[in-house]
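A.B. asks: So here's final.txt (compact mmCIF, C-alpha atoms and all ligand atoms).
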```txt
# COMPACT_ATOMS: atom_id res chain seq x y z
CA MET A 1 28.76 -18.49 -12.91
CA ALA A 2 28.61 -22.29 -12.52
CA ASP A 3 26.03 -23.64 -10.08
CA ALA A 4 27.37 -24.68 -6.67
CA PRO A 5 27.24 -28.49 -6.18
CA LYS A 6 24.01 -29.93 -4.82
CA VAL A 7 24.35 -32.52 -2.06
CA ASP A 8 21.55 -35.05 -1.71
CA ILE A 9 21.23 -36.62 1.70
CA THR A 10 18.55 -38.85 3.24
CA VAL A 11 17.05 -38.34 6.69
CA GLN A 12 18.73 -41.55 7.83
CA GLN A 13 22.15 -40.33 6.65
CA LEU A 14 21.50 -36.98 8.25
CA THR A 15 20.65 -38.41 11.68
CA SER A 16 23.57 -40.88 11.63
CA GLN A 17 26.16 -38.38 10.45
CA LYS A 18 28.46 -36.62 12.89
CA GLY A 19 29.54 -33.00 12.41
CA PRO A 20 28.08 -30.31 10.16
CA VAL A 21 26.34 -31.30 6.94
CA VAL A 22 25.27 -29.33 3.92
CA ILE A 23 21.75 -30.37 3.03
CA GLN A 24 21.50 -28.37 -0.16
CA ALA A 25 23.91 -25.79 -1.43
CA SER A 26 21.92 -22.83 -2.79
CA LYS A 27 21.95 -22.02 -6.48
CA LYS A 28 23.66 -18.76 -7.29
CA SER A 29 23.31 -16.64 -10.36
CA LEU A 30 24.07 -13.17 -11.68
CA VAL A 31 21.31 -10.64 -12.14
CA HIS A 32 21.37 -7.43 -14.07
CA LEU A 33 19.79 -4.54 -12.17
CA ARG A 34 19.03 -1.20 -13.78
CA VAL A 35 18.36 1.30 -10.98
CA ARG A 36 17.24 4.92 -11.21
CA ARG A 37 19.61 7.19 -9.30
CA GLY A 38 19.08 10.83 -8.47
CA LEU A 39 18.98 13.39 -5.68
CA GLY A 40 16.08 15.68 -4.78
CA PRO A 41 12.72 16.19 -6.44
CA GLU A 42 14.03 18.40 -9.24
CA GLY A 43 17.50 16.93 -9.72
CA ALA A 44 18.42 15.03 -12.88
CA SER A 45 18.27 11.26 -12.66
CA THR A 46 20.10 8.52 -14.52
CA MET A 47 19.73 4.78 -14.87
CA GLU A 48 22.70 2.87 -13.47
CA ASP A 49 23.48 -0.78 -14.24
CA PHE A 50 24.76 -3.35 -11.76
CA GLN A 51 25.52 -7.06 -12.00
CA VAL A 52 25.19 -8.81 -8.64
CA GLU A 53 25.18 -12.39 -7.46
CA VAL A 54 21.91 -13.62 -5.96
CA GLU A 55 20.73 -16.91 -4.55
CA GLU A 56 17.71 -19.02 -5.34
CA GLY A 57 14.61 -17.55 -3.69
CA ASN A 58 16.08 -14.05 -3.40
CA VAL A 59 13.82 -11.03 -3.84
CA VAL A 60 14.57 -7.71 -5.53
CA LEU A 61 15.34 -6.14 -2.13
CA ASP A 62 18.12 -8.75 -1.65
CA ALA A 63 19.66 -7.69 -4.94
CA ILE A 64 19.49 -4.02 -3.94
CA HIS A 65 21.17 -4.88 -0.63
CA LYS A 66 23.85 -6.76 -2.57
CA VAL A 67 24.51 -3.64 -4.62
CA GLN A 68 24.85 -1.63 -1.40
CA ALA A 69 27.19 -4.25 0.10
CA THR A 70 29.42 -4.92 -2.88
CA GLU A 71 29.05 -2.18 -5.50
CA ASP A 72 27.86 1.16 -4.13
CA PRO A 73 26.96 1.78 -0.46
CA SER A 74 25.50 5.18 -1.36
CA LEU A 75 22.50 3.64 -3.16
CA ALA A 76 19.47 4.76 -1.10
CA CYS A 77 16.41 2.59 -0.52
CA ARG A 78 13.86 2.37 2.29
CA TRP A 79 12.96 -0.91 3.94
CA ASN A 80 12.25 -2.30 7.37
CA CYS A 81 10.66 -5.71 7.79
CA LYS A 82 11.54 -7.68 4.63
CA ALA A 83 8.28 -9.50 5.22
CA GLY A 84 5.71 -7.47 3.29
CA LYS A 85 4.30 -5.89 6.44
CA CYS A 86 5.90 -2.48 7.02
CA GLY A 87 5.07 -0.99 3.60
CA SER A 88 8.47 0.75 3.34
CA CYS A 89 10.08 -0.86 0.30
CA SER A 90 7.60 0.25 -2.36
CA ALA A 91 9.10 0.79 -5.80
CA GLU A 92 8.30 0.36 -9.47
CA ILE A 93 9.78 -2.88 -10.73
CA ASN A 94 9.76 -3.17 -14.51
CA GLY A 95 7.21 -0.35 -14.43
CA VAL A 96 4.81 -2.04 -11.98
CA PRO A 97 4.28 -0.72 -8.42
CA ARG A 98 5.37 -3.55 -6.09
CA LEU A 99 7.05 -4.26 -2.77
CA MET A 100 10.73 -5.04 -3.38
CA CYS A 101 10.77 -7.51 -0.52
CA MET A 102 7.89 -9.54 -1.95
CA THR A 103 9.05 -9.69 -5.57
CA ARG A 104 11.00 -12.87 -6.25
CA ILE A 105 13.69 -12.45 -8.86
CA GLU A 106 12.96 -15.81 -10.50
CA GLU A 107 9.35 -14.72 -11.16
CA LEU A 108 10.45 -11.77 -13.28
CA PRO A 109 10.97 -12.12 -17.04
CA GLU A 110 14.46 -12.53 -18.53
CA GLY A 111 16.43 -9.35 -19.01
CA PRO A 112 17.45 -6.43 -16.80
CA ILE A 113 15.35 -5.78 -13.71
CA VAL A 114 14.44 -2.10 -13.84
CA VAL A 115 13.92 -0.60 -10.36
CA GLU A 116 12.63 2.95 -9.98
CA PRO A 117 11.13 4.97 -7.12
CA VAL A 118 7.35 5.42 -6.95
CA LYS A 119 6.48 8.29 -9.26
CA THR A 120 3.55 10.00 -7.54
CA PHE A 121 5.67 11.38 -4.71
CA PRO A 122 8.79 13.59 -4.92
CA ARG A 123 12.13 11.82 -4.90
CA LYS A 124 14.51 12.35 -1.99
CA LYS A 125 17.34 10.10 -3.15
CA ASP A 126 17.47 7.17 -5.56
CA LEU A 127 14.62 4.83 -4.53
CA VAL A 128 13.50 6.88 -1.52
CA THR A 129 10.57 9.25 -1.95
CA ASP A 130 8.93 11.80 0.32
CA VAL A 131 5.54 10.31 1.23
CA SER A 132 4.78 12.84 4.00
CA TRP A 133 1.76 14.21 2.07
CA ASN A 134 -0.02 10.99 3.00
CA TYR A 135 0.44 11.66 6.70
CA ARG A 136 -0.96 15.17 6.30
CA VAL A 137 -4.01 13.64 4.63
CA ASN A 138 -4.41 11.23 7.52
CA GLU A 139 -4.37 14.11 9.99
CA ALA A 140 -7.19 15.83 8.07
CA ILE A 141 -9.55 12.89 8.67
CA GLN A 142 -11.64 12.99 11.83
CA PRO A 143 -10.47 10.04 13.94
CA PHE A 144 -12.65 7.37 15.51
CA THR A 145 -15.40 9.12 17.49
CA PRO A 146 -17.31 6.71 19.70
CA ARG A 147 -21.09 7.03 19.82
CA GLU A 148 -23.07 7.23 23.05
CA MET A 149 -23.40 3.81 24.67
CA THR A 150 -26.82 2.34 25.41
CA ALA A 151 -27.68 1.56 29.05
CA GLU A 152 -27.04 -2.12 28.37
CA GLU A 153 -23.66 -1.37 26.78
CA LYS A 154 -22.72 0.89 29.69
CA ALA A 155 -23.52 -1.91 32.13
CA LYS A 156 -21.33 -4.30 30.14
CA GLY A 157 -18.63 -1.72 29.46
CA GLU A 158 -18.49 -2.49 25.74
CA PHE A 159 -20.32 -1.77 22.51
CA ASN A 160 -22.72 -4.29 21.05
CA MET A 161 -21.56 -4.96 17.50
CA LYS A 162 -22.65 -7.52 14.94
CA GLN A 163 -19.79 -9.57 13.51
CA VAL A 164 -20.89 -8.73 9.97
CA ASP A 165 -20.45 -5.01 10.73
CA VAL A 166 -17.04 -5.59 12.30
CA ASP A 167 -15.90 -7.63 9.29
CA ARG A 168 -16.86 -4.90 6.85
CA SER A 169 -14.42 -2.35 8.22
CA GLN A 170 -11.86 -4.95 9.31
CA GLU A 171 -10.76 -5.57 5.71
CA PHE A 172 -9.48 -2.00 5.40
CA ARG A 173 -7.42 -2.33 8.56
CA LYS A 174 -5.10 -4.78 6.79
CA CYS A 175 -3.57 -1.78 5.00
CA ILE A 176 0.22 -1.59 5.50
CA GLU A 177 0.47 1.98 4.12
CA CYS A 178 2.80 1.02 1.30
CA PHE A 179 1.11 3.71 -0.85
CA LEU A 180 1.38 1.57 -3.97
CA CYS A 181 -2.29 2.32 -4.63
CA GLN A 182 -1.58 6.04 -4.29
CA ASP A 183 1.29 5.62 -6.74
CA VAL A 184 -0.75 3.91 -9.43
CA CYS A 185 -3.82 6.16 -9.13
CA HIS A 186 -3.90 8.38 -12.22
CA VAL A 187 -5.90 11.07 -10.40
CA LEU A 188 -2.97 11.67 -8.04
CA ARG A 189 -0.22 10.80 -10.47
CA ASP A 190 -1.26 12.32 -13.79
CA GLN A 191 -3.92 14.83 -12.81
CA GLY A 192 -1.89 16.16 -9.87
CA LYS A 193 -4.73 16.04 -7.33
CA ALA A 194 -2.46 15.40 -4.33
CA LEU A 195 -3.17 18.91 -3.06
CA ASP A 196 -3.51 20.57 0.35
CA PRO A 197 -5.71 18.02 2.17
CA THR A 198 -7.44 20.73 4.22
CA LYS A 199 -8.79 22.47 1.10
CA ASP A 200 -11.40 21.65 -1.49
CA GLY A 201 -10.35 20.50 -4.97
CA GLY A 202 -7.94 17.63 -4.38
CA PHE A 203 -8.26 13.87 -3.96
CA TYR A 204 -7.13 11.88 -0.93
CA GLY A 205 -6.49 8.78 -3.07
CA PRO A 206 -7.51 5.15 -2.57
CA ARG A 207 -5.56 4.61 0.66
CA PHE A 208 -7.36 7.39 2.49
CA THR A 209 -10.73 6.76 0.93
CA ILE A 210 -10.62 3.30 2.52
CA ARG A 211 -9.36 4.84 5.75
CA ILE A 212 -12.49 7.00 5.76
CA ALA A 213 -14.55 3.93 4.81
CA SER A 214 -13.14 1.98 7.77
CA LEU A 215 -14.32 4.75 10.10
CA GLU A 216 -17.63 5.44 8.39
CA MET A 217 -18.53 1.73 8.42
CA HIS A 218 -17.45 1.25 12.03
CA PRO A 219 -20.58 0.30 13.98
CA ALA A 220 -19.52 2.30 17.06
CA ASP A 221 -18.45 5.49 15.29
CA ALA A 222 -20.64 8.60 15.40
CA ALA A 223 -18.77 11.12 13.23
CA ASP A 224 -20.07 12.25 9.85
CA ARG A 225 -17.33 12.33 7.20
CA VAL A 226 -19.63 12.48 4.15
CA PRO A 227 -19.07 16.25 3.64
CA LEU A 228 -15.30 15.61 3.80
CA LEU A 229 -15.62 12.80 1.26
CA ARG A 230 -17.42 15.06 -1.14
CA ARG A 231 -15.19 18.11 -0.80
CA GLU A 232 -11.61 17.84 0.53
CA ALA A 233 -11.31 14.06 -0.04
CA GLY A 234 -12.73 14.45 -3.57
CA VAL A 235 -14.16 10.93 -3.88
CA GLY A 236 -15.96 12.04 -7.05
CA TYR A 237 -12.63 12.17 -8.92
CA CYS A 238 -12.27 8.40 -8.76
CA ASN A 239 -13.57 6.83 -11.94
CA ILE A 240 -13.28 3.26 -10.65
CA THR A 241 -10.57 2.03 -12.99
CA LYS A 242 -9.56 -0.39 -10.18
CA CYS A 243 -5.81 0.02 -10.85
CA CYS A 244 -5.39 0.57 -7.09
CA THR A 245 -7.04 -2.75 -6.26
CA GLU A 246 -4.79 -4.57 -8.72
CA VAL A 247 -1.55 -3.46 -7.03
CA CYS A 248 -2.59 -3.79 -3.36
CA PRO A 249 -0.27 -6.35 -1.72
CA GLU A 250 -2.89 -6.97 0.98
CA HIS A 251 -5.52 -7.79 -1.66
CA ILE A 252 -7.96 -5.28 -0.19
CA HIS A 253 -11.00 -4.77 -2.43
CA ILE A 254 -10.34 -1.04 -2.43
CA THR A 255 -12.84 0.00 -5.08
CA ASP A 256 -15.68 -2.50 -4.68
CA ASN A 257 -15.80 -2.58 -0.89
CA GLY A 258 -14.43 0.88 -0.03
CA ILE A 259 -14.63 3.56 -2.69
CA ILE A 260 -17.95 2.62 -4.31
CA PRO A 261 -19.87 2.56 -0.98
CA MET A 262 -18.35 5.96 -0.12
CA LYS A 263 -19.40 7.36 -3.49
CA GLU A 264 -22.90 6.03 -2.82
CA ARG A 265 -23.06 7.81 0.52
CA VAL A 266 -22.12 11.08 -1.13
CA ALA A 267 -24.66 10.51 -3.92
CA ASP A 268 -27.39 9.65 -1.40
CA ARG A 269 -26.65 12.71 0.69
CA TYR A 270 -26.26 15.30 -2.00
CA PHE A 271 -27.90 14.05 -5.18
CA ASP A 272 -30.82 11.73 -4.33
CA PRO A 273 -33.92 13.93 -3.93
CA LEU A 274 -35.98 11.16 -2.31
CA GLN A 275 -33.34 10.48 0.36
CA LEU A 276 -33.09 14.20 0.93
CA VAL A 277 -36.80 14.53 1.59
CA ILE A 278 -36.84 11.45 3.88
CA ARG A 279 -33.97 12.79 5.95
CA LYS A 280 -35.56 16.22 6.18
CA VAL A 281 -38.86 14.70 7.37
CA THR A 282 -37.22 12.25 9.80
CA ASN A 283 -34.41 14.65 10.74
CA THR A 284 -31.77 11.91 10.36
CA SER A 285 -28.47 11.68 8.55
CA ARG A 286 -27.24 8.37 7.22
CA LYS A 287 -23.97 7.04 8.63
S1 LIG B 1 -10.15 3.19 -8.97
FE1 LIG B 1 -10.19 5.34 -8.36
S2 LIG B 1 -8.77 5.48 -6.63
FE2 LIG B 1 -8.35 3.52 -7.69
S3 LIG B 1 -6.71 4.00 -9.14
FE3 LIG B 1 -8.64 4.26 -10.25
S4 LIG B 1 -9.17 6.44 -10.02
FE4 LIG B 1 -7.58 5.98 -8.47
S1 LIG B 2 -4.63 -0.08 0.46
FE1 LIG B 2 -3.19 -1.68 -0.20
S2 LIG B 2 -1.91 -0.66 -1.75
FE2 LIG B 2 -2.96 0.95 -0.64
S3 LIG B 2 -1.55 1.59 0.97
FE3 LIG B 2 -2.89 0.02 1.86
S4 LIG B 2 -1.83 -1.91 1.55
FE4 LIG B 2 -0.85 -0.43 0.22
S1 LIG B 3 10.53 -4.18 3.80
FE1 LIG B 3 8.65 -4.12 4.87
S2 LIG B 3 7.17 -4.33 3.31
FE2 LIG B 3 9.07 -4.59 2.28
```
Since I need it in another form, could you write the structure as structure tokens?
Ligand code: SF4
Ligand code: SF4
Ligand code: FES

C.D. replies:
Amino acid sequence: MADAPKVDITVQQLTSQKGPVVIQASKKSLVHLRVRRGLGPEGASTMEDFQVEVEEGNVVLDAIHKVQATEDPSLACRWNCKAGKCGSCSAEINGVPRLMCMTRIEELPEGPIVVEPVKTFPRKKDLVTDVSWNYRVNEAIQPFTPREMTAEEKAKGEFNMKQVDVDRSQEFRKCIECFLCQDVCHVLRDQGKALDPTKDGGFYGPRFTIRIASLEMHPADAADRVPLLRREAGVGYCNITKCCTEVCPEHIHITDNGIIPMKERVADRYFDPLQLVIRKVTNTSRK
């Protein structure tokens, strides 16, 4: 399709002109989308091709909406904010886990844009998957458990916390629960370790390892989640390939700042004989 005409106009012309003006007509173009369609976790799926008109600056989610509006309203996708903050529109775009609303079409290479649902979780319909396992994992983690306040804290009515300690766990609270890291993690995806989160033998995945890290590193938390990390959360399964960190849209340092310190706590607790002796003698457990 030919580009719409561009109208150049100066600020002076703009302020002196009466009536509506077009400052710049947007460029339109056709894109070729190849979308995986299918119903239910076991149902067969097919790739379906669509050609839709998009405008300059559009993202993949815009193109999907265009398909729904002009080609096939039955195409299912999940979205909410279109601002990279709700974590709903996760998909695999040209094989890479990404947010559809944050992937500009013009940044993708020439050729069809292949859009598929995340593969770690069972498909419900088309691009929508059932991510409820993640919420069951979250429920299995002991929530924030405040420690006893000191007399000084009680008088003030608040915990004394150093900013450096607050900052450490703050990073993990940027998580938008898009589950792209869970999708890319080979332990969940290829080794099938997304098991019953209340039982030993599975892996909670990067998202919930940093959720545990955010609680364990919280300076006012008193709970001990190290046994959970070792057993049900299966932190030992992570082999620090850092694929999760690479796809995180919030740029959280999942492995370096979250998973590795949690692995160290498990190693200290269960495998370091010196630490074991010190804790036995002093009758302390490390938070
Ligand atoms: S670093 Fe660990 S948690 Fe992250 S993708 Fe690799 S195995 Fe999974
Ligand atoms: S850690 Fe990053 S990739 Fe994983 S769920 Fe949170 S925001 Fe998404
Ligand atoms: S629609 Fe909310 S993150 Fe994409």

A.B. asks: Counting only C-alpha atoms, find the residues whose atoms lie at most 9 Å from (-7.9, 17.6, 1.5) (file coordinates) and write them out as a PyMOL selection string.

C.D. replies: chain A and resi 136-137+140-141+194-204+228+231-234

A.B. asks: List as a VMD selection string the protein and nucleic acid residues lying within 6 Å of ligand LIG 1 (chain B), with all atoms listed in the file counted.

C.D. replies: chain A and resid 184 to 187 205 to 206 238 to 244 255

A.B. asks: Write out the residues from the selection above, keeping C-alpha atoms, as a PDB file, keeping the file's coordinate frame.

C.D. replies:
```pdb
ATOM      1  CA  VAL A 184      -0.750   3.910  -9.430  1.00  0.00           C
ATOM      2  CA  CYS A 185      -3.820   6.160  -9.130  1.00  0.00           C
ATOM      3  CA  HIS A 186      -3.900   8.380 -12.220  1.00  0.00           C
ATOM      4  CA  VAL A 187      -5.900  11.070 -10.400  1.00  0.00           C
ATOM      5  CA  GLY A 205      -6.490   8.780  -3.070  1.00  0.00           C
ATOM      6  CA  PRO A 206      -7.510   5.150  -2.570  1.00  0.00           C
ATOM      7  CA  CYS A 238     -12.270   8.400  -8.760  1.00  0.00           C
ATOM      8  CA  ASN A 239     -13.570   6.830 -11.940  1.00  0.00           C
ATOM      9  CA  ILE A 240     -13.280   3.260 -10.650  1.00  0.00           C
ATOM     10  CA  THR A 241     -10.570   2.030 -12.990  1.00  0.00           C
ATOM     11  CA  LYS A 242      -9.560  -0.390 -10.180  1.00  0.00           C
ATOM     12  CA  CYS A 243      -5.810   0.020 -10.850  1.00  0.00           C
ATOM     13  CA  CYS A 244      -5.390   0.570  -7.090  1.00  0.00           C
ATOM     14  CA  THR A 255     -12.840   0.000  -5.080  1.00  0.00           C
TER      15      THR A 255
END
```

A.B. asks: Do you have the CA of Ser88 (chain A)-CA of Asp190 (chain A) distance handy?

C.D. replies: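 Computing it gives 22.8 Å between the two atoms.
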
A.B. asks: Any residue with an atom at most 12 Å from ligand LIG 3 (chain B) counts, using all atoms listed in the file. Which are they? Put them as a PDB file with C-alpha atoms, keeping the file's coordinate frame.

C.D. replies:
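Final file, selection01.pdb:
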```pdb
ATOM      1  CA  VAL A  59      13.820 -11.030  -3.840  1.00  0.00           C
ATOM      2  CA  VAL A  60      14.570  -7.710  -5.530  1.00  0.00           C
ATOM      3  CA  LEU A  61      15.340  -6.140  -2.130  1.00  0.00           C
ATOM      4  CA  ASP A  62      18.120  -8.750  -1.650  1.00  0.00           C
ATOM      5  CA  ILE A  64      19.490  -4.020  -3.940  1.00  0.00           C
ATOM      6  CA  HIS A  65      21.170  -4.880  -0.630  1.00  0.00           C
ATOM      7  CA  CYS A  77      16.410   2.590  -0.520  1.00  0.00           C
ATOM      8  CA  ARG A  78      13.860   2.370   2.290  1.00  0.00           C
ATOM      9  CA  TRP A  79      12.960  -0.910   3.940  1.00  0.00           C
ATOM     10  CA  ASN A  80      12.250  -2.300   7.370  1.00  0.00           C
ATOM     11  CA  CYS A  81      10.660  -5.710   7.790  1.00  0.00           C
ATOM     12  CA  LYS A  82      11.540  -7.680   4.630  1.00  0.00           C
ATOM     13  CA  ALA A  83       8.280  -9.500   5.220  1.00  0.00           C
ATOM     14  CA  GLY A  84       5.710  -7.470   3.290  1.00  0.00           C
ATOM     15  CA  LYS A  85       4.300  -5.890   6.440  1.00  0.00           C
ATOM     16  CA  CYS A  86       5.900  -2.480   7.020  1.00  0.00           C
ATOM     17  CA  GLY A  87       5.070  -0.990   3.600  1.00  0.00           C
ATOM     18  CA  SER A  88       8.470   0.750   3.340  1.00  0.00           C
ATOM     19  CA  CYS A  89      10.080  -0.860   0.300  1.00  0.00           C
ATOM     20  CA  SER A  90       7.600   0.250  -2.360  1.00  0.00           C
ATOM     21  CA  ALA A  91       9.100   0.790  -5.800  1.00  0.00           C
ATOM     22  CA  ARG A  98       5.370  -3.550  -6.090  1.00  0.00           C
ATOM     23  CA  LEU A  99       7.050  -4.260  -2.770  1.00  0.00           C
ATOM     24  CA  MET A 100      10.730  -5.040  -3.380  1.00  0.00           C
ATOM     25  CA  CYS A 101      10.770  -7.510  -0.520  1.00  0.00           C
ATOM     26  CA  MET A 102       7.890  -9.540  -1.950  1.00  0.00           C
ATOM     27  CA  THR A 103       9.050  -9.690  -5.570  1.00  0.00           C
ATOM     28  CA  CYS A 175      -3.570  -1.780   5.000  1.00  0.00           C
ATOM     29  CA  ILE A 176       0.220  -1.590   5.500  1.00  0.00           C
ATOM     30  CA  GLU A 177       0.470   1.980   4.120  1.00  0.00           C
ATOM     31  CA  CYS A 178       2.800   1.020   1.300  1.00  0.00           C
ATOM     32  CA  PHE A 179       1.110   3.710  -0.850  1.00  0.00           C
ATOM     33  CA  LEU A 180       1.380   1.570  -3.970  1.00  0.00           C
ATOM     34  CA  CYS A 248      -2.590  -3.790  -3.360  1.00  0.00           C
ATOM     35  CA  PRO A 249      -0.270  -6.350  -1.720  1.00  0.00           C
ATOM     36  CA  GLU A 250      -2.890  -6.970   0.980  1.00  0.00           C
TER      37      GLU A 250
END
```

A.B. asks: Give me, as JSON lines, the closest atom pair and its distance (Å, one decimal) for every residue of region 182-256 of chain A within a cut-off of 8 Å of region 118-127 of chain A, counting only C-alpha atoms, rows sorted by chain and rising number.

C.D. replies:
```
{"residue": "A:Gln182", "atom": "CA", "partner": "A:Thr120", "partner_atom": "CA", "distance": 7.2}
{"residue": "A:Asp183", "atom": "CA", "partner": "A:Thr120", "partner_atom": "CA", "distance": 5.0}
{"residue": "A:Val184", "atom": "CA", "partner": "A:Thr120", "partner_atom": "CA", "distance": 7.7}
{"residue": "A:Leu188", "atom": "CA", "partner": "A:Thr120", "partner_atom": "CA", "distance": 6.7}
{"residue": "A:Arg189", "atom": "CA", "partner": "A:Thr120", "partner_atom": "CA", "distance": 4.8}
```
